[in-house]
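**Q** Below is one structure. I have some questions about it.
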Amino acid sequence: MDKKVIFSGIQPTGCITLGNYIGAIQNWLKLQDDYKCLYCIVDMHALTVHQQPAEFRQRAVSFFAQYLATGLDPEKSTIYFQSHVPEHAQLTWVLNCNSYIGELSRMTQFKDKSRKHPDNLNMGLMDYPVLMAADILLYQTSLVPVGIDQKQHVELARDIATRFNNKYSPTFTIPEPYIPKSGAKIFSLQDPTSKMSKSDVDPNAYIAIVDSAEDIARKFKRAVTDSDNEIRFDEVNKPGISNLLTIYSNVTDTTIEKAELEFEGKGYGEFKTAVGDAVIEKLRPVREKYTDLMNNKDYLMQIAKDGAQEASYMARKTLSKVYRKIGFVEPKR
Ligand code: AQP
């Protein structure tokens, strides 16, 4: 039997954070052996906010190297740039004509980003979830491993797919979000009530997965906590400490309860150092591999080319089916 398909991606904005790693990439790694996985640098999504072209190009290549450095394996998974597979844009147009302005304007991310970028309220910002639906539906994806912030968009992709299947005939697999039980939302180190965001203007608010050991240690030491000096998981009253416990338990592969016991009676200073050390150890091989890969751009671009070819082959099958069903004239072969 064919393996079920997994699709997921990260947009090349800011830098890949520990939040992206724990919320998404750790699951991607686990799924590589048992599923047909496609992991994409969703560069078309990144255009919804201003990009300086030279920086944008460099950052996208750096993200690609970071994907491989985390352990995503091109022998097992299809790894590519979204803009190299034109079917993403082609399916988006068809889905646009089957999506409603009302449902798109209700999306939380659209409302947040409209507030953050009032000078650039472009159509892409509103259309982002339709492009994301096309990304997912093109490959007949069953599971979409994402953090909790993307759940609403996966639900919209399900709605759009169901609507299309009902209007024409069964065409798309209906995807499910795949969200980690712990770590689905890692919080900012400077404001533990808001998400760790990769475009945060304050670099102390996030850990980049290729940060140096010194930077990681310093950022954890400065992490905002509370003043009652008790290491206990309580997201309402102790969001900072709870976030650090979540991070620690994820990177050391232990439970929150065991982590609480380990640090019972210890001070915040000691705890923060231990969390920093655990993250440094977890990310050390990623940083080392990343440096090697960035010195071998030809290799990176060959992987990207092979990935795009394979993705495009799969995507064309779905797109031809869609074009036939909606009544486009078939080109002569
Ligand atoms: N803090 C987080 N905790 C857990 N999961 C997270 N994800 C993102 N932040 C966290 C998951 O990572 C994947 C990629 O998400 P994205 O490309 O949309 O990036 P982002 O980090 O969500 O982007 P930001 O922070 O909102 O910055 P900009 O402004 O650049 O877009 C997704 O699976 C997401 O759930």
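Letters A, B, ... mark the chains of the structure tokens in the order given; residue numbers begin at 1 per chain; ligand numbers begin at 1, in order shown.
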Near A:Gln140, within 9 Å and counting only C-alpha atoms, which residues show up once chain neighbours fewer than 4 positions away are dropped, as number ranges by chain?
**A** A: 4-6, 136, 171-175, 315, 318
**Q** Filtering to C-alpha atoms, could you give me those residues as a PDB file, in the first residue's frame?
**A**
```pdb
ATOM      1  CA  LYS A   4       0.203   8.296   3.518  1.00  0.00           C
ATOM      2  CA  VAL A   5       1.387  11.794   2.645  1.00  0.00           C
ATOM      3  CA  ILE A   6       2.664  14.461   5.064  1.00  0.00           C
ATOM      4  CA  ILE A 136      -1.567  20.732   1.251  1.00  0.00           C
ATOM      5  CA  THR A 171     -10.860  14.906  -5.687  1.00  0.00           C
ATOM      6  CA  PHE A 172      -8.898  15.839  -2.590  1.00  0.00           C
ATOM      7  CA  THR A 173      -7.920  13.838   0.490  1.00  0.00           C
ATOM      8  CA  ILE A 174      -9.234  15.666   3.556  1.00  0.00           C
ATOM      9  CA  PRO A 175      -6.158  16.560   5.668  1.00  0.00           C
ATOM     10  CA  ALA A 315       1.396  17.919  -7.962  1.00  0.00           C
ATOM     11  CA  THR A 318      -3.749  16.403  -8.798  1.00  0.00           C
TER      12      THR A 318
END
```
**Q** When you look at A:Met196 with a cut-off of 10 Å (counting only C-alpha atoms), what residues show up, excluding the ones that are within fewer than 4 positions of it in the same chain? I need them as a PDB file with C-alpha atoms, in the first residue's frame.
**A**
```
ATOM      1  CA  THR A  17      13.369  29.332  16.120  1.00  0.00           C
ATOM      2  CA  LEU A  18      13.245  26.804  18.898  1.00  0.00           C
ATOM      3  CA  GLY A  19       9.443  27.278  18.660  1.00  0.00           C
ATOM      4  CA  ASN A  20       9.436  26.110  15.029  1.00  0.00           C
ATOM      5  CA  LYS A 185       3.061  26.713  21.374  1.00  0.00           C
ATOM      6  CA  ILE A 186       6.424  27.809  22.708  1.00  0.00           C
ATOM      7  CA  PHE A 187       6.295  31.301  24.176  1.00  0.00           C
ATOM      8  CA  SER A 188       8.558  34.324  23.884  1.00  0.00           C
ATOM      9  CA  LEU A 189      11.416  34.428  26.422  1.00  0.00           C
ATOM     10  CA  GLN A 190      10.717  38.130  26.987  1.00  0.00           C
ATOM     11  CA  ASP A 191       6.920  38.010  27.083  1.00  0.00           C
ATOM     12  CA  PRO A 192       5.839  34.498  28.072  1.00  0.00           C
ATOM     13  CA  ASP A 200      10.263  39.315  16.744  1.00  0.00           C
ATOM     14  CA  ALA A 205      12.723  36.892  22.780  1.00  0.00           C
ATOM     15  CA  TYR A 206      13.618  33.821  20.698  1.00  0.00           C
ATOM     16  CA  ILE A 207      16.297  31.181  20.302  1.00  0.00           C
TER      17      ILE A 207
END
```
**Q** Residues at most 6 Å from ligand 1, using only C-alpha atoms and all ligand atoms? Could they come as a VMD selection string?
**A** chain A and resid 10 to 11 13 to 14 19 to 20 23 to 24 146 to 150 183 to 187 195 to 199
**Q** With a distance cut-off of 12 Å and only C-alpha atoms, select the neighbouring residues of stretch 234-245 of chain A, excluding the residue or stretch itself and same-chain residues fewer than 6 positions from it, and output the selection as a PyMOL selection string.
**A** chain A and resi 18-19+22+182-196+205+219-228+251-263+267-269+271-276+278-279
**Q** Might you pull out every residue within 12 Å of A:Glu75, with only C-alpha atoms counted and same-chain residues fewer than 2 positions away left off, and present them as a PyMOL selection string?
**A** chain A and resi 32-33+36-38+68+71-73+77-79+303+306-307
**Q** Could you tell me which of A:Met301, A:Ala60, A:Val329, A:Ile179 comes closest to A:Leu143 if we count only C-alpha atoms?
**A**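 So, comparing all the options, the nearest one is A:Ile179.
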